[in-house]
Structures are given as C-alpha cells and as structure tokens.
file model36.cif (mmCIF, C-alpha atoms and all ligand atoms)
data_upload
loop_
_atom_site.label_atom_id
_atom_site.label_comp_id
_atom_site.auth_asym_id
_atom_site.auth_seq_id
_atom_site.Cartn_x
_atom_site.Cartn_y
_atom_site.Cartn_z
CA MET A 1 84.67 90.06 52.06
CA GLN A 2 88.36 89.50 52.76
CA ASN A 3 90.04 86.21 51.94
CA ALA A 4 90.28 83.96 54.94
CA ILE A 5 93.72 83.46 56.50
CA ARG A 6 94.54 79.79 56.19
CA LEU A 7 95.73 77.97 59.31
CA GLY A 8 97.77 74.78 59.46
CA ILE A 9 97.17 73.00 62.77
CA ILE A 10 99.59 70.24 63.75
CA GLY A 11 98.00 68.00 66.36
CA LEU A 12 94.35 67.35 67.14
CA GLY A 13 94.61 65.99 70.68
CA THR A 14 92.97 67.60 73.69
CA VAL A 15 94.19 71.15 73.07
CA GLY A 16 93.82 70.96 69.26
CA THR A 17 90.23 69.81 69.68
CA GLY A 18 89.50 72.75 71.99
CA VAL A 19 91.09 75.19 69.53
CA ALA A 20 89.04 73.78 66.62
CA ARG A 21 85.86 74.10 68.70
CA ILE A 22 86.48 77.77 69.48
CA LEU A 23 87.44 78.55 65.88
CA GLN A 24 84.27 76.84 64.64
CA HIS A 25 81.68 77.87 67.23
CA GLY A 26 83.04 81.38 67.70
CA ALA A 27 84.00 81.95 64.05
CA ASP A 28 82.25 85.34 63.71
CA GLN A 29 83.63 86.65 66.96
CA VAL A 30 87.15 85.42 66.13
CA ALA A 31 86.94 86.96 62.63
CA ALA A 32 85.86 90.32 64.06
CA ARG A 33 88.76 90.29 66.51
CA ALA A 34 91.33 89.05 63.99
CA GLY A 35 90.33 91.65 61.38
CA GLY A 36 88.99 88.99 58.98
CA PRO A 37 88.01 85.34 58.75
CA LEU A 38 90.24 82.40 59.63
CA GLU A 39 90.05 79.00 57.98
CA ILE A 40 91.28 75.67 59.34
CA ALA A 41 92.90 74.74 56.03
CA ARG A 42 94.95 71.72 57.07
CA VAL A 43 95.14 69.57 60.21
CA VAL A 44 97.98 67.12 60.76
CA VAL A 45 97.12 63.99 62.78
CA ASN A 46 98.61 60.53 63.28
CA ASP A 47 95.44 58.71 62.30
CA PRO A 48 93.00 60.46 59.92
CA THR A 49 90.43 57.67 60.41
CA LYS A 50 90.14 58.14 64.19
CA LYS A 51 86.79 59.40 65.50
CA ARG A 52 87.14 62.99 66.75
CA GLU A 53 85.36 65.05 69.41
CA VAL A 54 85.06 67.92 66.92
CA ASP A 55 83.60 68.12 63.45
CA ILE A 56 86.54 68.45 61.02
CA ASP A 57 86.18 68.09 57.24
CA PRO A 58 88.06 64.84 56.45
CA ALA A 59 89.48 66.54 53.35
CA VAL A 60 91.67 68.85 55.49
CA LEU A 61 93.19 65.99 57.51
CA GLY A 62 96.67 64.74 56.64
CA THR A 63 99.67 63.09 58.25
CA ASP A 64 102.61 65.06 56.84
CA ALA A 65 103.53 68.03 59.04
CA LEU A 66 106.37 69.25 56.79
CA GLU A 67 104.11 69.33 53.76
CA VAL A 68 101.73 71.68 55.61
CA ILE A 69 104.61 73.77 57.01
CA ARG A 70 106.02 74.18 53.49
CA ASP A 71 102.67 75.08 51.90
CA PRO A 72 103.11 78.71 50.75
CA ASP A 73 99.36 79.33 51.09
CA ILE A 74 99.43 78.64 54.85
CA PRO A 75 100.96 81.64 56.64
CA ILE A 76 100.10 80.59 60.23
CA ILE A 77 101.25 77.29 61.70
CA VAL A 78 99.81 76.13 65.05
CA GLU A 79 101.87 73.40 66.71
CA LEU A 80 99.94 71.46 69.38
CA VAL A 81 101.76 68.14 69.48
CA GLY A 82 103.88 68.77 72.57
CA CYS A 83 106.74 66.45 73.44
CA PRO A 84 105.47 62.86 73.48
CA GLY A 85 108.12 60.65 75.07
CA GLY A 86 109.87 63.74 76.43
CA SER A 87 111.70 64.61 73.21
CA VAL A 88 111.64 68.12 71.78
CA GLU A 89 111.80 66.52 68.33
CA PRO A 90 110.14 66.65 65.88
CA ALA A 91 108.44 69.78 67.28
CA ARG A 92 111.66 71.85 67.31
CA THR A 93 112.45 71.00 63.69
CA TRP A 94 108.90 71.83 62.60
CA LEU A 95 108.89 75.18 64.40
CA LEU A 96 112.31 76.13 62.95
CA GLU A 97 111.26 75.13 59.45
CA ALA A 98 108.09 77.23 59.69
CA LEU A 99 110.00 80.22 61.09
CA ARG A 100 112.66 79.94 58.36
CA SER A 101 109.95 80.54 55.82
CA GLY A 102 108.89 83.70 57.66
CA LYS A 103 105.63 82.30 59.02
CA HIS A 104 103.75 83.26 62.15
CA VAL A 105 104.05 80.27 64.45
CA VAL A 106 101.88 79.53 67.48
CA THR A 107 102.90 76.82 69.94
CA ALA A 108 101.72 75.50 73.31
CA ASN A 109 104.99 73.60 73.68
CA LYS A 110 106.58 74.59 77.00
CA ASP A 111 109.56 72.23 76.66
CA VAL A 112 110.63 73.55 73.26
CA VAL A 113 110.15 77.20 74.21
CA ALA A 114 112.05 76.76 77.50
CA LYS A 115 114.94 74.83 75.92
CA HIS A 116 115.13 76.42 72.46
CA GLY A 117 113.35 79.75 72.83
CA THR A 118 116.43 81.77 71.91
CA GLU A 119 117.08 79.72 68.77
CA LEU A 120 113.42 79.97 67.74
CA LEU A 121 113.19 83.72 68.35
CA ARG A 122 116.49 84.32 66.55
CA THR A 123 115.25 82.35 63.57
CA ALA A 124 111.96 84.27 63.59
CA GLY A 125 113.91 87.54 63.67
CA GLU A 126 116.20 86.54 60.79
CA HIS A 127 113.36 85.53 58.50
CA GLY A 128 110.64 88.04 59.36
CA GLY A 129 108.33 85.60 61.14
CA SER A 130 107.02 85.54 64.69
CA LEU A 131 106.65 83.09 67.55
CA TYR A 132 103.68 83.12 69.95
CA PHE A 133 103.55 80.89 73.04
CA GLU A 134 100.92 82.09 75.52
CA ALA A 135 99.69 78.53 76.16
CA ALA A 136 103.16 77.26 77.10
CA VAL A 137 102.88 78.59 80.67
CA ALA A 138 99.92 78.40 83.07
CA GLY A 139 97.34 77.30 80.48
CA GLY A 140 94.45 79.75 80.43
CA ILE A 141 96.14 82.47 82.52
CA PRO A 142 97.33 85.21 80.12
CA ILE A 143 100.61 85.70 81.98
CA ILE A 144 102.86 85.86 78.88
CA LYS A 145 100.82 88.70 77.40
CA ALA A 146 100.61 90.38 80.79
CA ILE A 147 104.41 90.43 81.12
CA SER A 148 105.25 91.27 77.52
CA GLU A 149 102.42 93.70 76.77
CA ALA A 150 100.33 94.91 79.70
CA LEU A 151 103.25 95.43 82.10
CA VAL A 152 105.87 96.89 79.75
CA GLY A 153 105.71 100.17 81.66
CA ASN A 154 107.17 98.38 84.68
CA ARG A 155 110.44 97.01 85.87
CA ILE A 156 109.32 93.64 87.19
CA ASP A 157 111.26 92.81 90.36
CA MET A 158 109.65 89.55 91.33
CA LEU A 159 107.40 86.76 90.11
CA MET A 160 106.20 84.02 92.41
CA GLY A 161 103.86 81.38 91.10
CA ILE A 162 101.99 78.17 91.66
CA ILE A 163 102.43 76.95 88.10
CA ASN A 164 102.04 73.20 88.43
CA GLY A 165 98.46 72.11 88.97
CA THR A 166 99.22 68.48 89.82
CA THR A 167 101.43 69.27 92.79
CA ASN A 168 99.07 72.00 93.96
CA TYR A 169 96.23 69.48 93.91
CA MET A 170 98.39 67.04 95.90
CA LEU A 171 99.53 69.58 98.50
CA THR A 172 95.94 70.81 98.90
CA LYS A 173 94.77 67.24 99.63
CA MET A 174 97.65 66.68 102.04
CA THR A 175 96.72 69.93 103.83
CA GLN A 176 92.96 69.43 103.93
CA GLU A 177 92.89 65.69 104.64
CA GLY A 178 96.21 65.05 106.41
CA ALA A 179 96.94 62.48 103.69
CA ALA A 180 100.41 61.14 102.90
CA PHE A 181 102.31 61.94 99.68
CA GLY A 182 102.01 58.39 98.25
CA ASP A 183 98.24 58.26 98.80
CA VAL A 184 97.52 61.61 97.18
CA LEU A 185 99.84 60.75 94.29
CA ARG A 186 97.76 57.63 93.58
CA GLU A 187 94.59 59.73 93.74
CA ALA A 188 96.06 62.39 91.41
CA GLN A 189 96.98 59.62 88.96
CA ALA A 190 93.47 58.12 89.16
CA ARG A 191 91.99 61.55 88.38
CA GLY A 192 94.28 61.98 85.39
CA TYR A 193 96.27 64.92 86.83
CA ALA A 194 99.53 63.05 87.42
CA GLU A 195 101.20 60.90 84.78
CA ALA A 196 102.12 57.24 85.35
CA ASP A 197 105.68 58.59 85.68
CA PRO A 198 104.94 61.63 87.87
CA SER A 199 108.51 62.93 88.12
CA SER A 200 108.02 65.88 85.76
CA ASP A 201 105.43 67.32 88.14
CA VAL A 202 106.47 66.10 91.60
CA GLU A 203 110.20 66.73 91.12
CA GLY A 204 109.50 70.30 89.93
CA HIS A 205 110.76 69.94 86.32
CA ASP A 206 107.49 71.20 84.79
CA ALA A 207 107.50 74.28 87.04
CA ALA A 208 111.21 74.88 86.31
CA TYR A 209 110.55 75.00 82.55
CA LYS A 210 107.71 77.43 83.07
CA ILE A 211 109.58 79.78 85.43
CA ALA A 212 112.56 79.78 83.02
CA ILE A 213 110.22 81.14 80.34
CA LEU A 214 108.53 83.67 82.63
CA ALA A 215 111.81 84.90 84.13
CA SER A 216 113.40 85.27 80.67
CA LEU A 217 110.50 87.50 79.60
CA ALA A 218 110.15 89.44 82.85
CA PHE A 219 113.87 90.18 83.18
CA GLU A 220 114.57 90.35 79.41
CA THR A 221 117.42 87.91 79.68
CA GLU A 222 118.09 84.33 78.69
CA ILE A 223 117.50 81.90 81.56
CA ALA A 224 118.54 78.33 80.77
CA VAL A 225 116.30 75.62 82.23
CA ASP A 226 119.36 73.92 83.75
CA ALA A 227 120.19 77.09 85.66
CA VAL A 228 116.92 76.97 87.60
CA TYR A 229 117.45 75.61 91.13
CA ARG A 230 114.88 72.86 91.68
CA GLU A 231 113.48 70.76 94.52
CA GLY A 232 110.25 68.77 94.29
CA ILE A 233 107.61 67.93 96.88
CA THR A 234 108.46 64.26 97.49
CA ARG A 235 110.00 64.90 100.92
CA ILE A 236 107.03 66.85 102.30
CA THR A 237 105.27 64.84 105.01
CA PRO A 238 101.92 65.25 106.80
CA GLU A 239 104.02 66.22 109.84
CA ASP A 240 105.62 69.15 107.94
CA ILE A 241 102.18 70.28 106.80
CA ARG A 242 100.81 70.12 110.38
CA ASN A 243 103.82 72.06 111.65
CA ALA A 244 103.30 74.66 108.92
CA ALA A 245 99.66 75.11 109.96
CA GLU A 246 100.63 75.44 113.62
CA LEU A 247 103.15 78.15 112.71
CA GLY A 248 100.61 80.02 110.52
CA TYR A 249 101.78 78.83 107.09
CA VAL A 250 100.70 76.62 104.20
CA VAL A 251 103.07 74.56 102.04
CA LYS A 252 103.08 75.31 98.29
CA LEU A 253 105.41 74.37 95.45
CA LEU A 254 106.49 77.85 94.39
CA ALA A 255 108.40 78.92 91.31
CA ILE A 256 110.23 82.11 92.23
CA ALA A 257 112.14 84.63 90.12
CA LYS A 258 113.62 87.71 91.75
CA ARG A 259 116.07 90.42 90.83
CA ASN A 260 118.93 90.53 93.32
CA GLY A 261 121.40 93.34 92.54
CA GLU A 262 123.25 92.43 89.34
CA HIS A 263 121.92 88.86 89.58
CA VAL A 264 118.62 87.10 89.25
CA GLU A 265 117.38 84.27 91.46
CA VAL A 266 115.31 81.60 89.74
CA ARG A 267 114.18 78.64 91.80
CA VAL A 268 111.45 76.05 92.30
CA HIS A 269 110.95 74.45 95.71
CA PRO A 270 108.36 73.68 98.37
CA THR A 271 107.80 76.81 100.40
CA PHE A 272 106.03 77.80 103.63
CA ILE A 273 103.92 80.88 102.85
CA PRO A 274 101.82 82.75 105.41
CA GLN A 275 98.16 81.68 105.51
CA SER A 276 97.26 85.32 104.80
CA HIS A 277 99.29 85.48 101.55
CA PRO A 278 97.11 85.61 98.38
CA LEU A 279 98.90 82.51 97.01
CA ALA A 280 97.92 80.51 100.11
CA ALA A 281 94.29 80.57 98.95
CA VAL A 282 95.13 78.97 95.58
CA ASN A 283 93.93 75.39 95.97
CA ASP A 284 93.29 72.19 94.02
CA ALA A 285 94.70 72.15 90.48
CA PHE A 286 94.49 75.93 90.04
CA ASN A 287 97.52 78.02 89.09
CA ALA A 288 98.37 81.58 90.11
CA VAL A 289 101.19 84.01 89.45
CA PHE A 290 101.97 86.85 91.85
CA VAL A 291 103.95 89.69 90.27
CA HIS A 292 105.53 92.87 91.59
CA GLY A 293 106.22 95.72 89.19
CA ASP A 294 107.74 99.04 90.24
CA ALA A 295 104.84 101.08 88.89
CA VAL A 296 101.87 98.77 89.30
CA GLY A 297 102.83 97.22 92.63
CA GLU A 298 101.39 93.79 93.41
CA LEU A 299 99.24 91.82 90.96
CA MET A 300 97.95 88.28 91.05
CA PHE A 301 96.72 86.21 88.11
CA TYR A 302 94.61 83.16 88.94
CA GLY A 303 93.03 80.46 86.82
CA ARG A 304 93.24 77.04 85.26
CA GLY A 305 96.76 76.08 84.25
CA ALA A 306 95.81 73.12 82.07
CA GLY A 307 92.85 71.43 80.40
CA MET A 308 91.24 71.53 76.98
CA MET A 309 89.35 74.81 76.90
CA PRO A 310 91.57 76.96 79.18
CA THR A 311 94.64 76.04 77.10
CA ALA A 312 92.69 76.48 73.86
CA SER A 313 91.67 79.95 75.09
CA ALA A 314 95.36 80.91 75.18
CA VAL A 315 96.17 79.32 71.80
CA VAL A 316 93.26 81.10 70.07
CA ALA A 317 94.40 84.43 71.53
CA ASP A 318 97.79 83.83 69.88
CA ILE A 319 96.19 82.79 66.58
CA VAL A 320 94.13 86.01 66.58
CA ASP A 321 97.27 88.06 67.34
CA ALA A 322 99.14 86.32 64.54
CA ALA A 323 96.31 86.94 62.05
CA HIS A 324 96.01 90.55 63.15
CA ASN A 325 99.76 91.11 62.75
CA LEU A 326 99.83 89.30 59.41
CA ARG A 327 97.08 91.48 57.96
CA ARG A 328 98.96 94.60 59.03
CA GLY A 329 102.34 93.32 57.94
CA VAL A 330 103.86 93.62 61.40
CA ARG A 331 105.67 91.13 63.60
CA GLY A 332 104.82 89.74 67.02
CA ARG A 333 106.32 91.24 70.17
CA HIS A 334 108.72 88.55 71.37
CA ARG A 335 112.33 89.40 70.52
CA ILE A 336 115.71 88.33 71.82
CA ASN A 337 118.23 90.88 73.00
CA GLY A 338 121.14 88.53 73.70
CA ARG A 339 121.34 89.58 77.34
CA ARG A 340 122.47 87.01 79.92
CA THR A 341 122.07 88.25 83.47
CA PRO A 342 124.04 86.05 85.87
CA ILE A 343 122.04 83.71 88.09
CA LEU A 344 122.75 83.88 91.81
CA PRO A 345 124.13 80.54 93.07
CA ILE A 346 121.63 78.99 95.51
CA SER A 347 124.34 78.92 98.22
CA GLN A 348 124.33 82.75 98.13
CA SER A 349 120.56 83.12 98.24
CA ILE A 350 118.98 84.50 101.39
CA SER A 351 115.83 83.05 102.89
CA ARG A 352 114.11 82.09 106.10
CA TYR A 353 113.93 78.35 106.77
CA TYR A 354 111.79 75.79 108.56
CA ILE A 355 113.92 72.97 109.95
CA ASN A 356 112.54 69.76 111.45
CA THR A 357 114.97 67.72 113.54
CA LYS A 358 114.50 64.45 115.42
CA VAL A 359 116.48 64.43 118.67
CA VAL A 360 116.90 62.61 121.97
CA ASP A 361 114.87 64.43 124.66
CA ARG A 362 117.68 65.25 127.10
CA PRO A 363 118.76 68.49 128.86
CA GLY A 364 121.34 70.46 126.83
CA VAL A 365 120.31 69.23 123.35
CA LEU A 366 118.50 72.43 122.45
CA ALA A 367 121.47 74.46 123.69
CA ALA A 368 123.91 72.43 121.56
CA ILE A 369 121.77 72.94 118.45
CA THR A 370 121.23 76.65 119.01
CA THR A 371 124.98 77.05 119.57
CA ALA A 372 125.64 75.42 116.17
CA PHE A 373 123.15 77.79 114.59
CA GLY A 374 124.59 80.83 116.40
CA ASP A 375 128.21 79.96 115.56
CA ASN A 376 127.27 79.99 111.87
CA GLY A 377 125.36 83.26 111.94
CA VAL A 378 121.89 81.65 111.88
CA SER A 379 119.41 83.62 113.99
CA LEU A 380 116.26 81.82 115.18
CA GLU A 381 112.74 83.19 115.04
CA SER A 382 110.96 80.33 116.81
CA VAL A 383 111.50 76.88 118.31
CA ILE A 384 108.86 74.27 119.10
CA GLN A 385 109.37 70.91 120.78
CA LYS A 386 106.84 68.27 119.74
CA GLY A 387 106.57 65.34 122.14
CA ARG A 388 108.14 64.68 125.54
CA GLY A 389 110.29 61.81 126.72
CA GLN A 390 109.97 59.47 123.76
CA ASP A 391 112.93 58.77 121.49
CA PRO A 392 113.08 60.71 119.33
CA VAL A 393 111.11 63.95 119.78
CA SER A 394 110.82 66.68 117.14
CA LEU A 395 112.51 70.02 117.54
CA VAL A 396 111.17 72.43 114.94
CA PHE A 397 112.95 75.69 114.15
CA VAL A 398 112.12 78.71 112.02
CA THR A 399 115.10 80.93 111.25
CA HIS A 400 115.37 84.60 110.44
CA GLU A 401 116.83 85.47 107.03
CA VAL A 402 120.16 83.76 106.48
CA GLN A 403 122.45 83.01 103.57
CA GLU A 404 122.01 79.38 102.50
CA ALA A 405 125.74 78.63 102.78
CA ASN A 406 125.63 79.53 106.50
CA LEU A 407 122.57 77.37 107.07
CA THR A 408 124.21 74.44 105.29
CA ARG A 409 127.28 74.72 107.53
CA ALA A 410 125.11 74.87 110.66
CA LEU A 411 123.05 71.85 109.60
CA ALA A 412 126.17 69.80 108.82
CA ARG A 413 127.36 70.41 112.38
CA ILE A 414 123.92 69.71 113.90
CA ALA A 415 123.65 66.42 112.01
CA GLN A 416 126.86 65.29 113.71
CA LEU A 417 125.65 65.91 117.27
CA ALA A 418 125.25 62.59 119.10
CA GLU A 419 121.75 63.44 120.36
CA VAL A 420 120.46 64.37 116.89
CA ARG A 421 118.87 61.38 115.13
CA GLU A 422 118.23 63.25 111.89
CA VAL A 423 117.50 66.57 110.23
CA SER A 424 114.27 65.30 108.69
CA ASN A 425 113.35 68.29 106.54
CA VAL A 426 114.39 71.81 105.59
CA VAL A 427 111.89 74.04 103.75
CA ARG A 428 112.27 77.69 102.73
CA VAL A 429 109.87 80.24 104.20
CA GLU A 430 108.67 83.18 102.10
CA GLY A 431 106.76 85.93 103.71
CA GLU A 432 107.61 89.53 103.54
CA THR A 433 107.07 90.92 100.05
CA HIS A 434 108.04 94.46 99.21
CA GLY A 435 107.35 95.97 102.54
CA ARG A 436 104.12 94.11 103.19
CA ASP A 437 104.16 91.32 105.75
CA TYR A 438 101.42 88.85 104.93
N1 LIG T 1 101.37 68.86 84.30
C1 LIG T 1 101.13 70.26 84.35
C2 LIG T 1 100.44 70.62 85.65
C3 LIG T 1 100.32 70.81 83.22
O1 LIG T 1 100.17 69.75 86.45
O2 LIG T 1 100.21 71.80 85.86
C4 LIG T 1 101.11 70.87 81.96
O3 LIG T 1 102.17 71.76 82.05
#

call {"tool": "encode", "arguments": {"input": "model36.cif", "output": "structure tokens", "more": "lines below"}}
Ligand code: HSE
result
Amino acid sequence: MQNAIRLGIIGLGTVGTGVARILQHGADQVAARAGGPLEIARVVVNDPTKKREVDIDPAVLGTDALEVIRDPDIPIIVELVGCPGGSVEPARTWLLEALRSGKHVVTANKDVVAKHGTELLRTAGEHGGSLYFEAAVAGGIPIIKAISEALVGNRIDMLMGIINGTTNYMLTKMTQEGAAFGDVLREAQARGYAEADPSSDVEGHDAAYKIAILASLAFETEIAVDAVYREGITRITPEDIRNAAELGYVVKLLAIAKRNGEHVEVRVHPTFIPQSHPLAAVNDAFNAVFVHGDAVGELMFYGRGAGMMPTASAVVADIVDAAHNLRRGVRGRHRINGRRTPILPISQSISRYYINTKVVDRPGVLAAITTAFGDNGVSLESVIQKGRGQDPVSLVFVTHEVQEANLTRALARIAQLAEVREVSNVVRVEGETHGRDY
C-alpha cells in the first residue's frame, strides 16, 4: 500500500465541508483515480471548537495557515477561504508562500486568480510547483479543464457565458413574472443568492473576474480585470424585458470574449439574445458557457455555478490532478507565456443595439430621430411605437451592426432633440454566431 498524500486544507466553510465529504465518503474512488490514497492531514479554521457539518478529527484542526503551508510533509495545499471583506489578502500571501516551496496548490479563489494569476503562475513556474483553479469559474462546470485540456486542438474564437447565477436568477424572475429589479433583488437576497451588498453580482464585477480568467486561458494572453468592459443589470426594466420578448429575444447578463483581428474583445453587459439561442434556455441560478473552436465548432457547458457540492466537485477534481501529477513528478498544465494581446476599446466594438426612447407623439419625430441615426451611419433593423397620444410614448429601435462610437454620436444628437424626453435604455443585441442565425 502506498503512503497517503497529505493534504492541508485552509478553510472549512461551505466549499471546504463539501470537499471533506467527497474525500471521506468517496475515499476509495478518489484514491483509485489519484493513483493512491489521500489524507486530510491538517485543516485550518478560525474556530476549532465550532460544530461542523462534516466529521473531522479534532486533532487535525488548527488555526495557523502558514504553519500548515510550511509543513514539509504536506505537498498539496487547498485554499478555500476566498476573499472575506473583499480583500485578496491573506489568500494571496498564502498561495505565494505555498508555491515558493514548490507545492501543488488548489484554490477556488476567483478574485486572487483573476487579479494575481500571472504572479501566482510565474511563482509556480520558478519553484517547480503548480496552481489549479477549476472551481474559480462557474462552480461545478469543468470549463477551465475544457479550455486548457480538452480543447487544446482548437483555436478558440469566442466564449459567451452566463457566469453569474444571482443575476441569471433575477433576470429569469423578471422575465417569467414581469417583476421589477428591486423586488427580485429582495427575493434573491431572501433566498441567499444575493449578498446584503449585491453590487459584485448586479454590477457585473463577479462575471468580469470570471471572464478575465476564461479569456486569458482561451486566448493564451494576460487579460487584466480592469480591462474588461462592464455594465450591470440595474437599469433593466420590466418594459425592456417585455420589448425583448415582443422582438423575439430574452435579456441575459452575458460575459463575452471574442478574437477580433489583432485584438480581443472582453466585456460583460446585459444582452438581448434570440429566444432560439441555446443560452436563452439557461434559467434560474444556472450557469452556461458557449464556446466556438475552429475544429470542434459550437459547444455549450451547462450546470450549477455555485453551491457546496458543485464547487466541491471542481475542487476535488483539482486535488486528484495534483496528487496524480505529484506521484508522477510532473507539473500541472497552467503556464504563463507573457503574451499581452491588446484589448479592443469598447468604442471600436461592433454590435447591434436595442434602444428605448421616450418621445412626444407628434408628426416628424420619428423622421428627426432616424435622420440622426442615418447621419451617423447607424442603420435600423426595426422600429416599434408603443402607445399613442400620451406624453411620452416609447419609440423602440433595433439597429443593424454598427461601431459603438457611431451609435454614441447618434444618441447624443437624439437626446438633444426637443421632442425626445429621454433615451431610457440601450442594450446590445447578440445573435448571429459563426454563420448560424439563432
Ligand atoms: N455570486 C456568484 C453567482 C457565485 O451568483 O454566480 C460566486 O462566484
């Protein structure tokens, strides 16, 4: 019988508890897949006396993360603390310290990987260790392994994902029940999806971190979180959702990464997608990532993006990889290559747009608006007037593809027209993907 590989787990919250359960209940299966047994040798917690939802030998519990990280008999460190209070510390310091001693390091920490991935991977490379982070994006969906292992025969051109469960839950409720943003936010908070401060989810920060990680891997380049263009869902109204349905679309918060010539586009924003698109059927708190590779064509990955056991599923997969690699004396697959592909400024991006305006219902108003569009090179696909006679009425437009800078110029002029009360919303429309119109 081989000696067990000793694991040091930092954090025994929701995900840590799920990981411990799988490692305990599925010990034989995990050992067979890892090429030998694994042992939970040390677990770092804040309060060793707290009652736990998993049976852990009190003798392995401790409170000193650095002591475990520096223990030469623990070759795999599993960091599951996250970023309480929004700070990447102390997680970043712990991960660097473990990597400096050449360890295999597993983390579910999206913030640290998105902000410091290059530093962590460089440190791993310099000291012979490895970093694994499947659980950092889309919980139980194995999208990191898909991109970095299963799809390496492809040039990935595009990734488009619903990678924030909270906002997908909220938009689904708004669509199915006609509910307003504030009401569904309160319900999402009551159900434990949204935090008391919901800005990370509803303003698109969480999705921006995740798409920065996915785009960096898919395009083998370093994408800084700050370079991701980001809009949240706070301006989406029941009226926009009704208009979308009438035009044949649903509204989703999409994270999009595309190659565009020598540039890449990386953005997070509410998007109208055709009701027939595979992503339109992704409802409630589920996540999905739609990928196009030159050889494989279109793929879609669907599943739970958060929660105890789905996230633990991803962490255990990384632990098994780490153990497997350790026994064979090889390193994990994630490397840095120092490449920095330029990001296309959002003003140069090309999209179709939904535009909702509130105007005075008077002859000549539509002509004045369409002239402003036409003068700035914005071609219109459809126009709908909602209401008759009251002040104001809605004029809803969908454009053909246009560069954002042209649209911005047109909208600035439209906003100044005397009959235009307001441009109440502008939402990008995605549709045609690689020759297929959904
Ligand atoms: N808050 C995230 C979501 C899960 O709603 O999907 C953690 O990244």

call {"tool": "closest_residue", "arguments": {"input": "model36.cif", "among": "A:Arg413, A:Ile143, A:Gly36, A:Asp28", "to": "Leu159 in chain A", "atoms": "only C-alpha atoms"}}
result
A:Ile143

call {"tool": "atom_distance", "arguments": {"input": "model36.cif", "atom1": "CA of Glu381 in chain A", "atom2": "CA of Lys358 in chain A"}}
result
18.8 Å

call {"tool": "closest_residue", "arguments": {"input": "model36.cif", "among": "A:Lys145, A:His104, A:Lys258, A:Arg42", "to": "Ala20 in chain A", "atoms": "only C-alpha atoms"}}
result
A:Arg42

call {"tool": "closest_residue", "arguments": {"input": "model36.cif", "among": "A:Ile9, A:Ala227, A:Ala190, A:Gln24", "to": "Leu61 in chain A", "atoms": "all atoms listed in the file"}}
result
A:Ile9

call {"tool": "residues_around", "arguments": {"input": "model36.cif", "residues": "Ala179 in chain A", "least_positions_apart": "4", "cutoff": "12 Å", "atoms": "only C-alpha atoms", "output": "PyMOL selection string"}}
result
chain A and resi 170-175+183-187+236-242

call {"tool": "build_atoms", "arguments": {"input": "model36.cif", "residues": "range 244-255 of chain A", "atoms": "N, CA, C and O atoms", "output": "PDB file, keeping the file's coordinate frame"}}
result
ATOM      1  N   ALA A 244     103.522  73.409 109.654  1.00  0.00           N
ATOM      2  CA  ALA A 244     103.300  74.660 108.920  1.00  0.00           C
ATOM      3  C   ALA A 244     102.022  75.326 109.430  1.00  0.00           C
ATOM      4  O   ALA A 244     102.011  76.527 109.749  1.00  0.00           O
ATOM      5  N   ALA A 245     100.948  74.547 109.535  1.00  0.00           N
ATOM      6  CA  ALA A 245      99.660  75.110 109.960  1.00  0.00           C
ATOM      7  C   ALA A 245      99.777  75.694 111.370  1.00  0.00           C
ATOM      8  O   ALA A 245      99.282  76.789 111.648  1.00  0.00           O
ATOM      9  N   GLU A 246     100.482  74.971 112.242  1.00  0.00           N
ATOM     10  CA  GLU A 246     100.630  75.440 113.620  1.00  0.00           C
ATOM     11  C   GLU A 246     101.397  76.764 113.676  1.00  0.00           C
ATOM     12  O   GLU A 246     101.136  77.625 114.512  1.00  0.00           O
ATOM     13  N   LEU A 247     102.345  76.923 112.738  1.00  0.00           N
ATOM     14  CA  LEU A 247     103.150  78.150 112.710  1.00  0.00           C
ATOM     15  C   LEU A 247     102.487  79.266 111.892  1.00  0.00           C
ATOM     16  O   LEU A 247     103.024  80.358 111.765  1.00  0.00           O
ATOM     17  N   GLY A 248     101.322  78.990 111.284  1.00  0.00           N
ATOM     18  CA  GLY A 248     100.610  80.020 110.520  1.00  0.00           C
ATOM     19  C   GLY A 248     100.920  80.029 109.028  1.00  0.00           C
ATOM     20  O   GLY A 248     100.723  81.044 108.359  1.00  0.00           O
ATOM     21  N   TYR A 249     101.394  78.883 108.508  1.00  0.00           N
ATOM     22  CA  TYR A 249     101.780  78.830 107.090  1.00  0.00           C
ATOM     23  C   TYR A 249     101.027  77.714 106.351  1.00  0.00           C
ATOM     24  O   TYR A 249     100.458  76.811 106.976  1.00  0.00           O
ATOM     25  N   VAL A 250     101.083  77.776 105.017  1.00  0.00           N
ATOM     26  CA  VAL A 250     100.700  76.620 104.200  1.00  0.00           C
ATOM     27  C   VAL A 250     101.900  76.273 103.309  1.00  0.00           C
ATOM     28  O   VAL A 250     102.740  77.139 103.019  1.00  0.00           O
ATOM     29  N   VAL A 251     101.954  75.005 102.882  1.00  0.00           N
ATOM     30  CA  VAL A 251     103.070  74.560 102.040  1.00  0.00           C
ATOM     31  C   VAL A 251     102.613  74.566 100.586  1.00  0.00           C
ATOM     32  O   VAL A 251     101.586  73.968 100.237  1.00  0.00           O
ATOM     33  N   LYS A 252     103.361  75.253  99.728  1.00  0.00           N
ATOM     34  CA  LYS A 252     103.080  75.310  98.290  1.00  0.00           C
ATOM     35  C   LYS A 252     104.370  75.047  97.522  1.00  0.00           C
ATOM     36  O   LYS A 252     105.454  75.417  98.002  1.00  0.00           O
ATOM     37  N   LEU A 253     104.239  74.445  96.339  1.00  0.00           N
ATOM     38  CA  LEU A 253     105.410  74.370  95.450  1.00  0.00           C
ATOM     39  C   LEU A 253     105.451  75.691  94.697  1.00  0.00           C
ATOM     40  O   LEU A 253     104.617  75.938  93.826  1.00  0.00           O
ATOM     41  N   LEU A 254     106.413  76.541  95.036  1.00  0.00           N
ATOM     42  CA  LEU A 254     106.490  77.850  94.390  1.00  0.00           C
ATOM     43  C   LEU A 254     107.618  77.877  93.365  1.00  0.00           C
ATOM     44  O   LEU A 254     108.685  77.289  93.570  1.00  0.00           O
ATOM     45  N   ALA A 255     107.353  78.564  92.274  1.00  0.00           N
ATOM     46  CA  ALA A 255     108.400  78.920  91.310  1.00  0.00           C
ATOM     47  C   ALA A 255     108.650  80.402  91.528  1.00  0.00           C
ATOM     48  O   ALA A 255     107.715  81.204  91.482  1.00  0.00           O
TER      49      ALA A 255
END
